[in-house]
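What follows is a set of notes on a single structure, which appears directly below.
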Amino acid sequence: GTDEQHGSSNSETGEKTPALLKQLARAIPKVELHVHLEGTLEPRLVFSLAKRNNIDLSPYFKNEDDLRSRYNNFTDLNSFLNVYYQCASVLCTERDFYDLTMSYFARAHRDKVVYAEMFFDPQHHKQSRSLSFETCADGICSAMQDAQNRYGITSKLIPCFLRHLSEESAMSTWIEMFKYFKSHPESKSHIVGVGIDSSEKKHPPRDFH
């Protein structure tokens, strides 16, 4: 009788353990040390920003479900990046970057994130749509401050250079970034480092040494 009772108890405990772990994982405070801000764009926000900025996405995505399917069924990094950059094309104004960042923070808050380090791609926005670093940074940094006040989330920013673009393009972005933080010293503390990202094929890190 004792063995059966023990067996029943162990079985019940085993069944409860995954649920308890999930409950614990949801409840504990978290840090997010690697998140690409443009990659957090959800289909609904992509289409909302496209409408706001009069951008026609129909040649690329039929609707939100089609975009969601594309994100869930990429075959390699480059096929993912094709979708990633097309979605990023809807970011055109300071307000867009603010909305993108606050949308991320709202989800992070629900997941109990208390600290985040966010990558973003100013070089892409400048190269593809001639957006200034100021446009991107003003929106993002404003949202970072609001998220700290509203949600208690502390965050830092990591501007990235794109592997597939030239050294000259990277240096141009670096100089613009340096000038921005020189004229906006209150935002300089938001930066924790710089990074590289985008296509890895034929673009090794040593190109940036």
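Ordering of the structure tokens sets the chain letters (A, B, ...), residue numbers begin anew at 1 in every chain, and ligands are numbered from 1 in the order given.
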field: DSSP-assigned strand (DSSP E or B) members of chain A, reported as an MDAnalysis selection string
entry: chainID A and resid 30:36 113:120 154:162 191 195:197
For the selection you just gave me, I'd like the residues written to a file as an mmCIF file, in the first residue's frame, keeping N, CA, C and O atoms.
```
data_model
loop_
_atom_site.group_PDB
_atom_site.id
_atom_site.type_symbol
_atom_site.label_atom_id
_atom_site.label_comp_id
_atom_site.auth_asym_id
_atom_site.auth_seq_id
_atom_site.Cartn_x
_atom_site.Cartn_y
_atom_site.Cartn_z
ATOM 1 N N LYS A 30 13.078 38.976 -15.758
ATOM 2 C CA LYS A 30 13.963 38.492 -16.811
ATOM 3 C C LYS A 30 14.780 39.627 -17.408
ATOM 4 O O LYS A 30 14.402 40.801 -17.311
ATOM 5 N N VAL A 31 15.894 39.265 -18.033
ATOM 6 C CA VAL A 31 16.658 40.198 -18.859
ATOM 7 C C VAL A 31 16.665 39.657 -20.276
ATOM 8 O O VAL A 31 16.675 38.439 -20.491
ATOM 9 N N GLU A 32 16.630 40.561 -21.248
ATOM 10 C CA GLU A 32 16.704 40.173 -22.664
ATOM 11 C C GLU A 32 17.934 40.853 -23.245
ATOM 12 O O GLU A 32 17.965 42.068 -23.409
ATOM 13 N N LEU A 33 18.946 40.050 -23.540
ATOM 14 C CA LEU A 33 20.248 40.594 -23.930
ATOM 15 C C LEU A 33 20.488 40.580 -25.435
ATOM 16 O O LEU A 33 21.528 41.045 -25.891
ATOM 17 N N HIS A 34 19.564 40.046 -26.213
ATOM 18 C CA HIS A 34 19.775 39.996 -27.654
ATOM 19 C C HIS A 34 18.417 40.026 -28.351
ATOM 20 O O HIS A 34 17.770 38.990 -28.538
ATOM 21 N N VAL A 35 17.980 41.224 -28.709
ATOM 22 C CA VAL A 35 16.729 41.353 -29.452
ATOM 23 C C VAL A 35 16.930 42.415 -30.532
ATOM 24 O O VAL A 35 17.434 43.499 -30.265
ATOM 25 N N HIS A 36 16.585 42.068 -31.772
ATOM 26 C CA HIS A 36 16.683 43.010 -32.889
ATOM 27 C C HIS A 36 15.356 43.760 -32.976
ATOM 28 O O HIS A 36 14.311 43.163 -33.253
ATOM 29 N N VAL A 113 9.994 41.226 -18.316
ATOM 30 C CA VAL A 113 11.351 41.697 -18.623
ATOM 31 C C VAL A 113 11.602 42.989 -17.842
ATOM 32 O O VAL A 113 10.771 43.901 -17.850
ATOM 33 N N VAL A 114 12.750 43.062 -17.179
ATOM 34 C CA VAL A 114 13.099 44.267 -16.411
ATOM 35 C C VAL A 114 14.313 44.994 -16.993
ATOM 36 O O VAL A 114 14.590 46.132 -16.630
ATOM 37 N N TYR A 115 15.039 44.304 -17.890
ATOM 38 C CA TYR A 115 16.201 44.927 -18.541
ATOM 39 C C TYR A 115 16.351 44.341 -19.932
ATOM 40 O O TYR A 115 16.215 43.130 -20.133
ATOM 41 N N ALA A 116 16.626 45.213 -20.921
ATOM 42 C CA ALA A 116 16.759 44.742 -22.304
ATOM 43 C C ALA A 116 17.884 45.484 -23.011
ATOM 44 O O ALA A 116 18.085 46.684 -22.794
ATOM 45 N N GLU A 117 18.612 44.760 -23.861
ATOM 46 C CA GLU A 117 19.603 45.357 -24.755
ATOM 47 C C GLU A 117 19.132 45.104 -26.181
ATOM 48 O O GLU A 117 19.025 43.961 -26.614
ATOM 49 N N MET A 118 18.866 46.201 -26.908
ATOM 50 C CA MET A 118 18.202 46.120 -28.199
ATOM 51 C C MET A 118 19.143 46.523 -29.338
ATOM 52 O O MET A 118 19.751 47.594 -29.303
ATOM 53 N N PHE A 119 19.243 45.669 -30.332
ATOM 54 C CA PHE A 119 19.964 45.990 -31.559
ATOM 55 C C PHE A 119 19.023 46.745 -32.504
ATOM 56 O O PHE A 119 17.821 46.491 -32.523
ATOM 57 N N PHE A 120 19.582 47.667 -33.298
ATOM 58 C CA PHE A 120 18.797 48.235 -34.390
ATOM 59 C C PHE A 120 19.725 48.624 -35.532
ATOM 60 O O PHE A 120 20.944 48.683 -35.362
ATOM 61 N N THR A 154 14.471 48.982 -17.632
ATOM 62 C CA THR A 154 15.709 49.656 -17.998
ATOM 63 C C THR A 154 16.220 49.039 -19.292
ATOM 64 O O THR A 154 16.146 47.817 -19.467
ATOM 65 N N SER A 155 16.735 49.863 -20.198
ATOM 66 C CA SER A 155 17.165 49.319 -21.493
ATOM 67 C C SER A 155 18.371 50.063 -22.030
ATOM 68 O O SER A 155 18.662 51.192 -21.625
ATOM 69 N N LYS A 156 19.076 49.393 -22.927
ATOM 70 C CA LYS A 156 20.222 49.968 -23.617
ATOM 71 C C LYS A 156 20.092 49.666 -25.106
ATOM 72 O O LYS A 156 19.363 48.756 -25.513
ATOM 73 N N LEU A 157 20.838 50.419 -25.902
ATOM 74 C CA LEU A 157 20.728 50.334 -27.354
ATOM 75 C C LEU A 157 22.065 49.948 -27.965
ATOM 76 O O LEU A 157 23.127 50.411 -27.509
ATOM 77 N N ILE A 158 22.018 49.098 -29.008
ATOM 78 C CA ILE A 158 23.226 48.658 -29.715
ATOM 79 C C ILE A 158 23.027 48.896 -31.216
ATOM 80 O O ILE A 158 22.424 48.071 -31.903
ATOM 81 N N PRO A 159 23.471 50.042 -31.742
ATOM 82 C CA PRO A 159 23.401 50.254 -33.194
ATOM 83 C C PRO A 159 24.290 49.246 -33.917
ATOM 84 O O PRO A 159 25.397 48.935 -33.455
ATOM 85 N N CYS A 160 23.815 48.751 -35.040
ATOM 86 C CA CYS A 160 24.558 47.735 -35.778
ATOM 87 C C CYS A 160 24.964 48.216 -37.168
ATOM 88 O O CYS A 160 24.265 49.010 -37.798
ATOM 89 N N PHE A 161 26.101 47.694 -37.623
ATOM 90 C CA PHE A 161 26.547 47.896 -38.995
ATOM 91 C C PHE A 161 26.248 46.618 -39.775
ATOM 92 O O PHE A 161 26.314 45.509 -39.228
ATOM 93 N N LEU A 162 25.913 46.782 -41.034
ATOM 94 C CA LEU A 162 25.478 45.648 -41.844
ATOM 95 C C LEU A 162 26.653 45.010 -42.567
ATOM 96 O O LEU A 162 27.411 45.681 -43.270
ATOM 97 N N ILE A 191 23.421 54.131 -25.113
ATOM 98 C CA ILE A 191 24.234 53.242 -25.943
ATOM 99 C C ILE A 191 25.156 52.388 -25.075
ATOM 100 O O ILE A 191 25.904 52.901 -24.234
ATOM 101 N N GLY A 195 27.343 46.786 -32.873
ATOM 102 C CA GLY A 195 27.386 45.409 -33.330
ATOM 103 C C GLY A 195 27.393 45.311 -34.841
ATOM 104 O O GLY A 195 27.381 46.332 -35.542
ATOM 105 N N ILE A 196 27.435 44.090 -35.347
ATOM 106 C CA ILE A 196 27.278 43.832 -36.775
ATOM 107 C C ILE A 196 26.199 42.774 -36.938
ATOM 108 O O ILE A 196 26.014 41.905 -36.084
ATOM 109 N N ASP A 197 25.467 42.862 -38.027
ATOM 110 C CA ASP A 197 24.436 41.861 -38.293
ATOM 111 C C ASP A 197 24.178 41.773 -39.785
ATOM 112 O O ASP A 197 24.968 42.273 -40.579
#
```
field: One-decimal distance in Å that lies between CA of Ser130 (chain A) and CA of Glu168 (chain A)
entry: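 So the answer is 15.6 Å.
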field: Using only C-alpha atoms: which of A:Thr93, A:Met102, A:Thr75, A:Lys112 has the shortest distance to Ile28 (chain A)
entry: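 Residue with the minimum atom-to-atom distance to Ile28 (chain A): A:Lys112.
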task: For Arg107 (chain A), please output as a list in words all residues within 12 Å (counting only C-alpha atoms; exclusion window: fewer than 4 positions along the same chain).
output: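 Skipping anything fewer than 4 positions along the chain leaves Thr40, Leu41, Glu42, Leu100, Thr101, Met102, Ser103, Asp111, Lys112, Val113, Val114, Ala147, Tyr151 and Ile153 of chain A.
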Selection: 12 Å around region 131-138 of chain A, only C-alpha atoms, excl. self and same-chain fewer than 4 positions, as a ChimeraX atom specification: /A:37-38,88-101,119-127,142-145,156-160,172-184,186-188,190-191
message: If DSSP is run on the backbone, what residues of region 64-163 of chain A are alpha helix (DSSP H)? A reply as a PyMOL selection string would be ideal.
response: chain A and resi 64-72+77-88+94-110+122-129+133-151
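Distances here use only C-alpha atoms; by that measure, the residue among A:Phe47, A:Asn78, A:Ser128, A:Arg52 closest to Asp66 (chain A) is A:Phe47.
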- request: Return the single residue from A:Ser189, A:Ser169, A:Thr17, A:Gln86 that is closest to Pro59 (chain A), with distances computed using only C-alpha atoms.
  value: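 Among A:Ser189, A:Ser169, A:Thr17, A:Gln86, it is A:Gln86 that comes nearest to Pro59 (chain A).
Between CA of Cys87 (chain A) and CA of Val46 (chain A) there is a distance of 6.2 Å.
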message: Could you tell me how far CA of Phe74 (chain A) sits from CA of Ala25 (chain A), in Å to one decimal place?
response: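 Separation between CA of Ala25 (chain A) and CA of Phe74 (chain A): 28.0 Å.
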message: I'd like to know which of A:Gln23, A:Asp207, A:Ser199, A:Arg129 is closest to Ser79 (chain A), using only C-alpha atoms.
response: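 Checking each of A:Gln23, A:Asp207, A:Ser199, A:Arg129 against Ser79 (chain A), counting only C-alpha atoms, the winner is A:Ser199.
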